[in-house]
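Student: Sharing structure.txt below, compact mmCIF, C-alpha atoms:
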```txt
# COMPACT_ATOMS: atom_id res chain seq x y z
CA MET Z 1 -36.71 -13.30 -32.47
CA ARG Z 2 -33.05 -12.33 -32.80
CA VAL Z 3 -31.96 -11.04 -36.23
CA ASP Z 4 -28.49 -12.27 -37.24
CA ASN Z 5 -26.70 -9.29 -38.82
CA ARG Z 6 -23.21 -10.75 -38.69
CA PRO Z 7 -21.37 -10.07 -41.97
CA VAL Z 8 -20.87 -12.66 -44.70
CA GLU Z 9 -18.73 -12.32 -47.84
CA ILE Z 10 -20.19 -13.66 -51.14
CA LYS Z 11 -17.78 -14.49 -54.00
CA ILE Z 12 -19.11 -15.21 -57.55
CA THR Z 13 -17.22 -16.05 -60.74
CA LYS Z 14 -17.77 -13.34 -63.36
CA SER Z 15 -20.45 -14.04 -66.00
CA ASP Z 16 -23.35 -12.30 -67.73
CA LYS Z 17 -25.66 -13.68 -65.02
CA VAL Z 18 -24.01 -11.86 -62.11
CA HIS Z 19 -25.79 -8.54 -62.67
CA PRO Z 20 -29.30 -10.10 -62.92
CA PHE Z 21 -28.45 -12.15 -59.80
CA ILE Z 22 -27.61 -9.01 -57.80
CA GLN Z 23 -30.75 -7.27 -59.12
CA ALA Z 24 -32.80 -10.24 -57.93
CA LEU Z 25 -31.31 -9.95 -54.47
CA HIS Z 26 -32.17 -6.23 -54.38
CA SER Z 27 -35.75 -7.03 -55.36
CA LYS Z 28 -35.93 -9.38 -52.36
CA LYS Z 29 -34.77 -6.49 -50.09
CA VAL Z 30 -31.33 -7.98 -49.44
CA LYS Z 31 -28.93 -5.22 -48.34
CA ILE Z 32 -25.67 -5.52 -50.28
CA LYS Z 33 -22.52 -3.51 -49.53
CA ASN Z 34 -18.82 -3.35 -50.36
CA ILE Z 35 -19.25 -4.66 -53.94
CA ALA Z 36 -15.84 -5.23 -55.58
CA TYR Z 37 -15.15 -6.26 -59.20
CA ALA Z 38 -11.92 -8.16 -59.90
CA ASP Z 39 -10.63 -9.76 -63.11
CA GLN Z 40 -12.40 -13.07 -62.51
CA TYR Z 41 -14.62 -12.56 -59.48
CA VAL Z 42 -17.25 -10.27 -58.01
CA THR Z 43 -17.42 -10.01 -54.20
CA PHE Z 44 -19.85 -8.28 -51.86
CA GLU Z 45 -21.06 -8.46 -48.26
CA LEU Z 46 -24.47 -9.00 -46.75
CA ALA Z 47 -26.01 -10.08 -43.43
CA ARG Z 48 -25.95 -13.70 -42.38
CA LYS Z 49 -29.75 -13.71 -42.15
CA ASP Z 50 -29.88 -13.31 -46.00
CA VAL Z 51 -27.64 -16.31 -46.81
CA LYS Z 52 -30.72 -18.52 -47.29
CA ILE Z 53 -32.08 -16.12 -49.96
CA VAL Z 54 -28.69 -16.14 -51.75
CA ARG Z 55 -28.67 -19.94 -51.89
CA GLU Z 56 -32.23 -20.08 -53.23
CA THR Z 57 -31.61 -17.35 -55.84
CA ARG Z 58 -28.30 -18.65 -57.19
CA LYS Z 59 -30.00 -21.95 -58.20
CA LYS Z 60 -32.26 -19.98 -60.55
CA TYR Z 61 -29.24 -18.42 -62.27
CA ASN Z 62 -27.08 -21.56 -62.05
CA LEU Z 63 -24.20 -19.70 -60.39
CA LYS Z 64 -21.43 -21.06 -58.18
CA VAL Z 65 -21.28 -19.01 -54.99
CA LYS Z 66 -18.59 -19.13 -52.31
CA ILE Z 67 -19.70 -18.02 -48.86
CA ARG Z 68 -17.19 -16.84 -46.26
CA TYR Z 69 -18.31 -15.98 -42.76
CA LEU Z 70 -16.53 -12.91 -41.42
CA GLN Z 71 -17.37 -13.45 -37.76
CA SER Z 72 -13.75 -14.32 -36.92
CA THR Z 73 -12.55 -10.93 -38.20
CA MET Z 74 -15.26 -8.89 -36.51
CA ILE Z 75 -15.15 -9.37 -32.74
CA PHE Z 76 -17.67 -6.66 -31.92
CA GLN Z 77 -20.99 -6.50 -33.72
CA ARG Z 78 -22.76 -3.24 -34.37
CA GLU Z 79 -25.56 -3.95 -31.97
CA LEU Z 80 -26.93 -2.10 -28.93
CA LYS Z 81 -25.94 -4.84 -26.52
CA THR Z 82 -22.39 -4.76 -27.90
CA TYR Z 83 -22.13 -1.04 -27.20
CA ILE Z 84 -23.59 -1.50 -23.72
CA GLY Z 85 -21.12 -4.32 -23.05
CA LEU Z 86 -18.20 -2.18 -24.22
CA LEU Z 87 -19.38 0.68 -22.03
CA PHE Z 88 -19.44 -1.56 -18.96
CA LEU Z 89 -16.08 -3.02 -19.97
CA ILE Z 90 -14.57 0.46 -19.77
CA ILE Z 91 -16.51 1.85 -16.81
CA ILE Z 92 -16.28 -1.09 -14.39
CA PRO Z 93 -12.43 -1.20 -14.19
CA ILE Z 94 -12.34 2.58 -13.75
CA VAL Z 95 -14.89 2.45 -10.91
CA PHE Z 96 -13.22 -0.54 -9.24
CA SER Z 97 -9.79 1.15 -9.42
CA GLN Z 98 -11.11 3.94 -7.16
CA PHE Z 99 -11.32 1.50 -4.23
CA ILE Z 100 -8.83 -0.28 -1.99
CA TRP Z 101 -9.97 -3.91 -2.08
CA LYS Z 102 -7.38 -5.52 0.14
CA VAL Z 103 -5.73 -4.27 3.34
CA GLU Z 104 -3.08 -6.62 4.69
CA VAL Z 105 -0.92 -6.53 7.82
CA GLU Z 106 2.45 -8.28 7.86
CA ALA Z 107 3.77 -8.50 11.42
CA GLU Z 108 6.40 -10.48 13.30
CA THR Z 109 3.81 -12.14 15.53
CA PRO Z 110 0.06 -12.90 15.29
CA GLU Z 111 -0.50 -10.78 18.42
CA ILE Z 112 0.99 -7.66 16.83
CA ARG Z 113 -0.95 -8.26 13.63
CA ALA Z 114 -4.21 -8.57 15.59
CA ALA Z 115 -3.46 -5.40 17.57
CA VAL Z 116 -2.73 -3.40 14.40
CA GLU Z 117 -5.89 -4.71 12.71
CA LYS Z 118 -7.90 -3.65 15.75
CA VAL Z 119 -6.52 -0.10 15.55
CA MET Z 120 -7.23 -0.01 11.82
CA THR Z 121 -10.84 -1.07 12.40
CA GLU Z 122 -11.65 1.04 15.47
CA LYS Z 123 -9.59 4.19 14.90
CA LEU Z 124 -9.11 4.40 11.14
CA ASN Z 125 -12.18 2.59 9.75
CA LEU Z 126 -9.74 0.93 7.38
CA ASN Z 127 -11.97 -1.94 6.30
CA SER Z 128 -11.84 -3.02 2.66
CA PRO Z 129 -13.26 -1.97 0.33
CA VAL Z 130 -12.32 1.66 1.01
CA PHE Z 131 -12.90 4.56 -1.37
CA LYS Z 132 -9.45 5.98 -2.11
CA LYS Z 133 -10.60 9.58 -1.67
CA ASN Z 134 -11.78 8.74 1.86
CA LEU Z 135 -8.51 7.05 2.76
CA GLU Z 136 -6.36 8.73 5.39
CA SER Z 137 -2.88 9.84 4.37
CA ASP Z 138 0.09 7.56 5.05
CA PHE Z 139 1.22 9.96 7.76
CA GLU Z 140 -2.14 9.85 9.58
CA ILE Z 141 -2.35 6.05 9.33
CA ARG Z 142 1.19 5.67 10.65
CA GLN Z 143 0.78 8.12 13.54
CA THR Z 144 -2.55 6.67 14.66
CA ILE Z 145 -1.10 3.16 14.84
CA MET Z 146 2.08 4.32 16.60
CA GLU Z 147 0.17 6.38 19.18
CA GLU Z 148 -1.94 3.34 20.08
CA MET Z 149 1.02 0.93 20.02
CA ARG Z 150 4.00 2.61 21.59
CA GLU Z 151 6.16 -0.47 21.30
CA LEU Z 152 6.49 0.27 17.58
CA SER Z 153 9.31 2.38 16.18
CA TRP Z 154 7.92 2.72 12.64
CA VAL Z 155 5.10 1.58 10.38
CA HIS Z 156 5.88 0.86 6.73
CA ILE Z 157 2.99 1.41 4.30
CA PHE Z 158 3.18 -0.10 0.82
CA LYS Z 159 0.55 0.66 -1.83
CA LYS Z 160 0.24 -1.39 -4.99
CA GLY Z 161 -2.81 -0.92 -7.17
CA SER Z 162 -5.88 -1.66 -5.02
CA LYS Z 163 -3.90 -3.26 -2.20
CA ILE Z 164 -2.31 -1.75 0.93
CA THR Z 165 0.24 -3.65 2.96
CA ILE Z 166 1.05 -2.38 6.47
CA VAL Z 167 4.25 -3.63 8.10
CA PRO Z 168 4.70 -2.58 11.75
CA GLN Z 169 8.29 -2.45 13.00
CA LEU Z 170 9.02 -3.10 16.66
CA ALA Z 171 11.35 -0.80 18.56
CA PRO Z 172 14.77 -2.31 19.39
CA ILE Z 173 14.67 -4.25 22.64
CA THR Z 174 16.88 -2.58 25.25
CA ASP Z 175 18.39 -4.95 27.77
CA VAL Z 176 17.95 -2.70 30.77
CA LYS Z 177 17.09 -4.36 34.07
CA GLU Z 178 14.66 -2.44 36.24
CA GLN Z 179 16.47 -1.26 39.33
CA LYS Z 180 14.86 0.06 42.45
CA PRO Z 181 16.07 3.58 43.21
CA GLU Z 182 18.41 3.87 46.14
CA GLN Z 183 16.45 6.91 47.34
CA LEU Z 184 12.97 8.30 46.88
CA ASN Z 185 12.44 10.93 44.20
CA HIS Z 186 10.11 13.50 42.73
CA LEU Z 187 9.64 13.51 38.96
CA VAL Z 188 10.61 16.79 37.30
CA ALA Z 189 10.61 17.96 33.68
CA ALA Z 190 13.83 17.22 31.80
CA LYS Z 191 12.67 19.60 29.03
CA SER Z 192 9.83 21.98 28.26
CA GLY Z 193 6.62 20.82 26.60
CA VAL Z 194 2.84 20.36 26.83
CA VAL Z 195 1.82 17.42 29.04
CA THR Z 196 -0.38 14.85 27.27
CA HIS Z 197 -0.71 11.89 29.66
CA PHE Z 198 0.73 10.08 32.70
CA VAL Z 199 1.80 6.48 33.28
CA LEU Z 200 2.43 6.37 37.04
CA THR Z 201 3.15 3.68 39.59
CA SER Z 202 3.27 5.99 42.57
CA GLY Z 203 3.30 9.69 43.40
CA GLU Z 204 0.92 12.64 43.27
CA ARG Z 205 0.42 14.73 40.12
CA ARG Z 206 1.40 18.38 40.34
CA VAL Z 207 0.23 19.33 36.81
CA SER Z 208 -2.72 18.39 34.61
CA PRO Z 209 -2.80 17.20 30.99
CA ASN Z 210 -2.64 19.99 28.36
CA THR Z 211 -0.53 22.09 30.74
CA THR Z 212 2.66 23.76 29.50
CA VAL Z 213 5.63 22.89 31.73
CA TYR Z 214 9.21 24.09 31.68
CA GLN Z 215 12.51 22.39 32.39
CA GLY Z 216 12.86 21.81 36.13
CA ASP Z 217 9.13 22.03 36.97
CA THR Z 218 7.83 19.35 39.35
CA LEU Z 219 5.52 17.01 37.45
CA VAL Z 220 4.85 14.34 40.07
CA SER Z 221 5.55 14.71 43.77
CA GLY Z 222 6.98 11.83 45.77
CA VAL Z 223 5.33 13.21 48.91
CA ILE Z 224 1.59 12.71 49.30
CA THR Z 225 -0.79 14.12 51.87
CA VAL Z 226 -2.81 11.67 53.94
CA GLY Z 227 -5.17 13.55 56.26
CA ASP Z 228 -3.03 16.14 58.00
CA LYS Z 229 0.19 14.19 57.49
CA SER Z 230 2.74 14.11 54.68
CA VAL Z 231 3.97 10.68 53.65
CA THR Z 232 7.08 10.20 51.51
CA ILE Z 233 6.51 7.34 49.04
CA GLY Z 234 8.58 8.45 46.05
CA ALA Z 235 7.32 9.17 42.54
CA VAL Z 236 7.75 6.42 39.96
CA GLY Z 237 6.46 6.45 36.39
CA GLU Z 238 6.42 8.36 33.13
CA VAL Z 239 5.03 11.72 32.07
CA TYR Z 240 4.60 12.29 28.34
CA ALA Z 241 4.63 15.71 26.71
CA ASP Z 242 4.63 17.22 23.23
CA TYR Z 243 7.48 19.49 22.15
CA TRP Z 244 8.94 20.74 18.88
CA LEU Z 245 12.37 19.51 17.84
CA GLU Z 246 14.24 21.20 15.01
CA THR Z 247 16.76 19.12 13.08
CA GLU Z 248 19.03 19.74 10.11
CA PHE Z 249 20.07 17.08 7.62
CA THR Z 250 22.55 16.59 4.80
CA ILE Z 251 22.30 13.44 2.68
CA PRO Z 252 23.79 12.39 -0.68
CA LYS Z 253 21.61 13.10 -3.70
CA LYS Z 254 22.16 9.51 -4.84
CA VAL Z 255 21.33 6.97 -2.16
CA GLN Z 256 21.59 3.21 -2.06
CA TYR Z 257 18.82 1.29 -0.37
CA ILE Z 258 17.79 -2.32 0.14
CA SER Z 259 14.23 -3.45 -0.59
CA SER Z 260 12.72 -6.85 0.05
CA THR Z 261 10.53 -8.89 -2.27
CA GLU Z 262 7.48 -10.88 -1.20
CA ARG Z 263 8.09 -14.20 0.50
CA LYS Z 264 7.72 -17.26 -1.73
CA TRP Z 265 8.22 -21.02 -1.63
CA THR Z 266 11.10 -22.30 -3.74
CA ILE Z 267 12.41 -25.74 -4.71
CA ASN Z 268 16.20 -25.88 -5.02
CA PHE Z 269 18.38 -28.71 -6.25
CA LYS Z 270 21.64 -29.12 -4.34
CA ILE Z 271 23.86 -29.35 -7.38
CA ASN Z 272 26.73 -27.19 -6.14
CA ASP Z 273 27.83 -25.26 -3.09
CA GLU Z 274 26.85 -21.76 -4.26
CA LYS Z 275 25.93 -19.35 -1.49
CA GLU Z 276 22.33 -18.22 -1.49
CA SER Z 277 21.52 -14.52 -1.94
CA GLU Z 278 18.20 -14.74 -0.14
CA GLN Z 279 16.99 -15.19 3.43
CA SER Z 280 15.25 -18.39 4.46
CA PHE Z 281 12.35 -18.46 6.93
CA ARG Z 282 10.80 -21.93 6.89
CA GLU Z 283 11.88 -25.22 5.40
CA VAL Z 284 9.92 -28.40 4.66
CA ASN Z 285 11.29 -31.50 6.40
CA LEU Z 286 11.99 -34.02 3.66
CA PRO Z 287 13.14 -37.64 4.01
CA GLU Z 288 16.87 -37.85 4.62
CA TRP Z 289 17.63 -39.52 1.29
CA LEU Z 290 15.69 -36.79 -0.60
CA SER Z 291 17.02 -33.84 1.43
CA ARG Z 292 20.53 -34.59 0.08
CA PHE Z 293 19.40 -33.47 -3.36
CA VAL Z 294 16.38 -31.19 -2.91
CA GLU Z 295 15.28 -28.50 -0.45
CA ILE Z 296 11.90 -26.75 -0.23
CA LYS Z 297 11.84 -23.52 1.75
CA GLU Z 298 10.17 -20.15 2.11
CA THR Z 299 12.54 -17.39 1.05
CA GLN Z 300 12.72 -13.64 0.58
CA GLU Z 301 15.17 -11.78 -1.61
CA TYR Z 302 16.77 -8.42 -0.81
CA ILE Z 303 17.50 -6.14 -3.72
CA THR Z 304 20.06 -3.33 -3.52
CA SER Z 305 19.48 -0.39 -5.84
CA THR Z 306 20.62 3.21 -6.27
CA GLN Z 307 18.15 6.07 -6.52
CA GLU Z 308 18.57 9.78 -7.17
CA ILE Z 309 16.44 11.94 -4.88
CA THR Z 310 14.15 14.51 -6.51
CA GLU Z 311 11.96 17.26 -5.08
CA ASP Z 312 8.91 15.05 -5.53
CA GLN Z 313 10.39 12.51 -3.11
CA ILE Z 314 10.82 14.82 -0.13
CA GLU Z 315 7.71 13.51 1.63
CA SER Z 316 7.81 9.95 0.33
CA PHE Z 317 11.53 9.27 0.83
CA ILE Z 318 13.38 11.92 2.87
CA LEU Z 319 10.82 12.38 5.68
CA PRO Z 320 10.43 8.65 6.48
CA LEU Z 321 14.23 8.34 6.46
CA LEU Z 322 14.65 11.26 8.92
CA HIS Z 323 11.69 10.01 10.94
CA GLU Z 324 13.22 6.60 11.53
CA LYS Z 325 16.71 8.01 12.18
CA LEU Z 326 15.34 10.46 14.76
CA LEU Z 327 13.36 7.78 16.57
CA LYS Z 328 16.50 5.69 17.02
CA SER Z 329 18.14 8.61 18.84
CA LEU Z 330 15.19 9.17 21.18
CA PRO Z 331 14.06 7.11 24.20
CA PRO Z 332 11.78 4.07 23.68
CA LYS Z 333 8.02 4.72 23.37
CA THR Z 334 8.66 8.12 21.78
CA VAL Z 335 6.25 9.05 19.01
CA ILE Z 336 6.64 11.66 16.28
CA LYS Z 337 3.20 13.19 15.75
CA LYS Z 338 3.88 15.69 13.02
CA GLU Z 339 6.61 17.24 10.92
CA ASN Z 340 6.95 20.56 9.12
CA ILE Z 341 9.52 21.05 6.37
CA LEU Z 342 11.17 24.43 6.91
CA HIS Z 343 13.35 24.36 3.78
CA VAL Z 344 15.14 21.93 1.46
CA THR Z 345 17.93 22.77 -1.01
CA PHE Z 346 19.64 20.65 -3.67
CA ASP Z 347 23.29 21.65 -3.57
CA GLY Z 348 25.37 19.76 -6.14
CA ASP Z 349 25.43 16.11 -5.09
CA LYS Z 350 23.93 16.85 -1.65
CA VAL Z 351 20.43 17.46 -0.33
CA LYS Z 352 20.29 19.81 2.67
CA GLY Z 353 17.37 20.96 4.73
CA LYS Z 354 15.73 21.70 8.05
CA VAL Z 355 12.67 19.93 9.50
CA LEU Z 356 10.57 20.66 12.59
CA PHE Z 357 9.22 17.54 14.36
CA LEU Z 358 6.43 17.45 16.94
CA VAL Z 359 7.66 14.82 19.40
CA ASN Z 360 5.73 13.08 22.18
CA GLU Z 361 8.22 11.78 24.74
CA ASN Z 362 8.57 10.86 28.39
CA ILE Z 363 10.11 14.06 29.81
CA ALA Z 364 10.11 12.97 33.46
CA LYS Z 365 13.38 12.53 35.29
CA PRO Z 366 13.95 11.67 38.98
CA TYR Z 367 14.87 14.41 41.43
CA PRO Z 368 15.92 13.37 44.98
CA ILE Z 369 13.55 14.22 47.83
CA SER Z 370 15.44 16.28 50.39
CA GLN Z 371 15.40 15.25 54.02
CA GLY Z 372 13.47 18.39 54.99
CA GLU Z 373 10.44 17.49 52.90
```
Could I get this structure in the form of structure tokens?
Tutor:
Amino acid sequence: MRVDNRPVEIKITKSDKVHPFIQALHSKKVKIKNIAYADQYVTFELARKDVKIVRETRKKYNLKVKIRYLQSTMIFQRELKTYIGLLFLIIIPIVFSQFIWKVEVEAETPEIRAAVEKVMTEKLNLNSPVFKKNLESDFEIRQTIMEEMRELSWVHIFKKGSKITIVPQLAPITDVKEQKPEQLNHLVAAKSGVVTHFVLTSGERRVSPNTTVYQGDTLVSGVITVGDKSVTIGAVGEVYADYWLETEFTIPKKVQYISSTERKWTINFKINDEKESEQSFREVNLPEWLSRFVEIKETQEYITSTQEITEDQIESFILPLLHEKLLKSLPPKTVIKKENILHVTFDGDKVKGKVLFLVNENIAKPYPISQGE
């Protein structure tokens, strides 16, 4: 049987019967505490389970007793289950905060989103929930996705509490029509590097993966050997290699950047002709008579803010900025695998530094096959 120990305040008008009344309660093993004597009243506290004894005893002494239950002022009772509940109340949020509970991909098309989710599942084991200590770094997540999906130029990673949002960014589409070469070619190295893989349409390899090649070396021959004859077919394709690229940068210490908010549905009343400061994506088709006054659409706002760069933001702000800028200057399908910061200095209102990037790029260029070959 549960014992009700919740506190109750007893208030009695002063008289010569109060002391015998309290003595009677003591004799009945009623625990009394916080006794206070005022000009006209005597107050004390006891457990709610003893209220019945108080009511029976006060009749004997013909006393008027006011009972006030203090449950509303005491949220937590001094009971074992209360302490256990409080312990779980503290521990559970701490434990849960150590996990990533939601991993979301926001992509331009369902196909890209599905491809990214596949890479996350197969290559990164990024299935929620994920223990934060076992989570790969942003750099490793980004590079793994970009190596598997070479049509991407960058992967934005946003972390908020126990949620990760991954936003893949497609490389700019170059309007270059494929032209058949006027003459047959070999493929030679446009720069030095370590060969990683081939994407060939025709030709015969002259080097193997993981081989160091130098500028001018023949990578793929346009002349193949069939039996005891040499046949000129021309080499067509791409040869990817890793190489280190050193770059220097100078950027203002205070930078202005634009960030986007989450998309949301809004209802607007067409009261005036003010220009909207947000981008619209989808709009609900309303009846013509209603659309003159109201519009319902999915929007996203873009916020411009100024931020001063600190040393703590070198990896989180400066490197992604240089990463994206460098990719725009390199050929499509190029991937930056790694970067090493050589040095960074804060000089007045400028931030200067030097970074070494490990780049994976198509280094093959056509070289005409001479008539004597």
Student: Env of segment 96-112 of chain Z: 10 Å cut, atoms = all atoms listed in the file, seq-sep filter 3 positions within chain, self excluded. Answer as a ChimeraX atom specification.
Tutor: /Z:91-93,115-118,120,126-135,149,151-152,156-170
Student: Go ahead and save the picked residues with C-alpha atoms, as an mmCIF file, in the coordinates of the input.
Tutor:
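Saved as result.cif:
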```cif
data_model
loop_
_atom_site.group_PDB
_atom_site.id
_atom_site.type_symbol
_atom_site.label_atom_id
_atom_site.label_comp_id
_atom_site.auth_asym_id
_atom_site.auth_seq_id
_atom_site.Cartn_x
_atom_site.Cartn_y
_atom_site.Cartn_z
ATOM 1 C CA ILE Z 91 -16.510 1.850 -16.810
ATOM 2 C CA ILE Z 92 -16.280 -1.090 -14.390
ATOM 3 C CA PRO Z 93 -12.430 -1.200 -14.190
ATOM 4 C CA ALA Z 115 -3.460 -5.400 17.570
ATOM 5 C CA VAL Z 116 -2.730 -3.400 14.400
ATOM 6 C CA GLU Z 117 -5.890 -4.710 12.710
ATOM 7 C CA LYS Z 118 -7.900 -3.650 15.750
ATOM 8 C CA MET Z 120 -7.230 -0.010 11.820
ATOM 9 C CA LEU Z 126 -9.740 0.930 7.380
ATOM 10 C CA ASN Z 127 -11.970 -1.940 6.300
ATOM 11 C CA SER Z 128 -11.840 -3.020 2.660
ATOM 12 C CA PRO Z 129 -13.260 -1.970 0.330
ATOM 13 C CA VAL Z 130 -12.320 1.660 1.010
ATOM 14 C CA PHE Z 131 -12.900 4.560 -1.370
ATOM 15 C CA LYS Z 132 -9.450 5.980 -2.110
ATOM 16 C CA LYS Z 133 -10.600 9.580 -1.670
ATOM 17 C CA ASN Z 134 -11.780 8.740 1.860
ATOM 18 C CA LEU Z 135 -8.510 7.050 2.760
ATOM 19 C CA MET Z 149 1.020 0.930 20.020
ATOM 20 C CA GLU Z 151 6.160 -0.470 21.300
ATOM 21 C CA LEU Z 152 6.490 0.270 17.580
ATOM 22 C CA HIS Z 156 5.880 0.860 6.730
ATOM 23 C CA ILE Z 157 2.990 1.410 4.300
ATOM 24 C CA PHE Z 158 3.180 -0.100 0.820
ATOM 25 C CA LYS Z 159 0.550 0.660 -1.830
ATOM 26 C CA LYS Z 160 0.240 -1.390 -4.990
ATOM 27 C CA GLY Z 161 -2.810 -0.920 -7.170
ATOM 28 C CA SER Z 162 -5.880 -1.660 -5.020
ATOM 29 C CA LYS Z 163 -3.900 -3.260 -2.200
ATOM 30 C CA ILE Z 164 -2.310 -1.750 0.930
ATOM 31 C CA THR Z 165 0.240 -3.650 2.960
ATOM 32 C CA ILE Z 166 1.050 -2.380 6.470
ATOM 33 C CA VAL Z 167 4.250 -3.630 8.100
ATOM 34 C CA PRO Z 168 4.700 -2.580 11.750
ATOM 35 C CA GLN Z 169 8.290 -2.450 13.000
ATOM 36 C CA LEU Z 170 9.020 -3.100 16.660
#
```
Student: Do you know which residues are at most 9 Å from Ile309 of chain Z counting all atoms listed in the file, after dropping those on the same chain fewer than 2 positions away, and could you put them as a list in words?
Tutor: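 Final neighbour list, sorted by chain and number: Pro252, Lys253, Lys254, Val255, Gln307, Glu311, Asp312, Gln313, Ile314, Phe317, Ile318 and Val351 of chain Z.
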Student: Between atom CA of Lys337 of chain Z and atom CA of Pro320 of chain Z, what is the distance, to one decimal in Å?
Tutor: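 For atom CA of Lys337 of chain Z relative to atom CA of Pro320 of chain Z, the distance reads 12.6 Å.
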Student: Quick one, how far is atom CA of Asp50 of chain Z from atom CA of Ile35 of chain Z?
Tutor: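 Between atom CA of Asp50 of chain Z and atom CA of Ile35 of chain Z the gap is 15.8 Å.
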Student: My list of candidates is Z:Val195, Z:Arg68, Z:Arg263, Z:Gly227. Which is closest to Glu301 of chain Z when distances are computed with only C-alpha atoms?
Tutor: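 Comparing Z:Val195, Z:Arg68, Z:Arg263, Z:Gly227 against Glu301 of chain Z, the winner is Z:Arg263.
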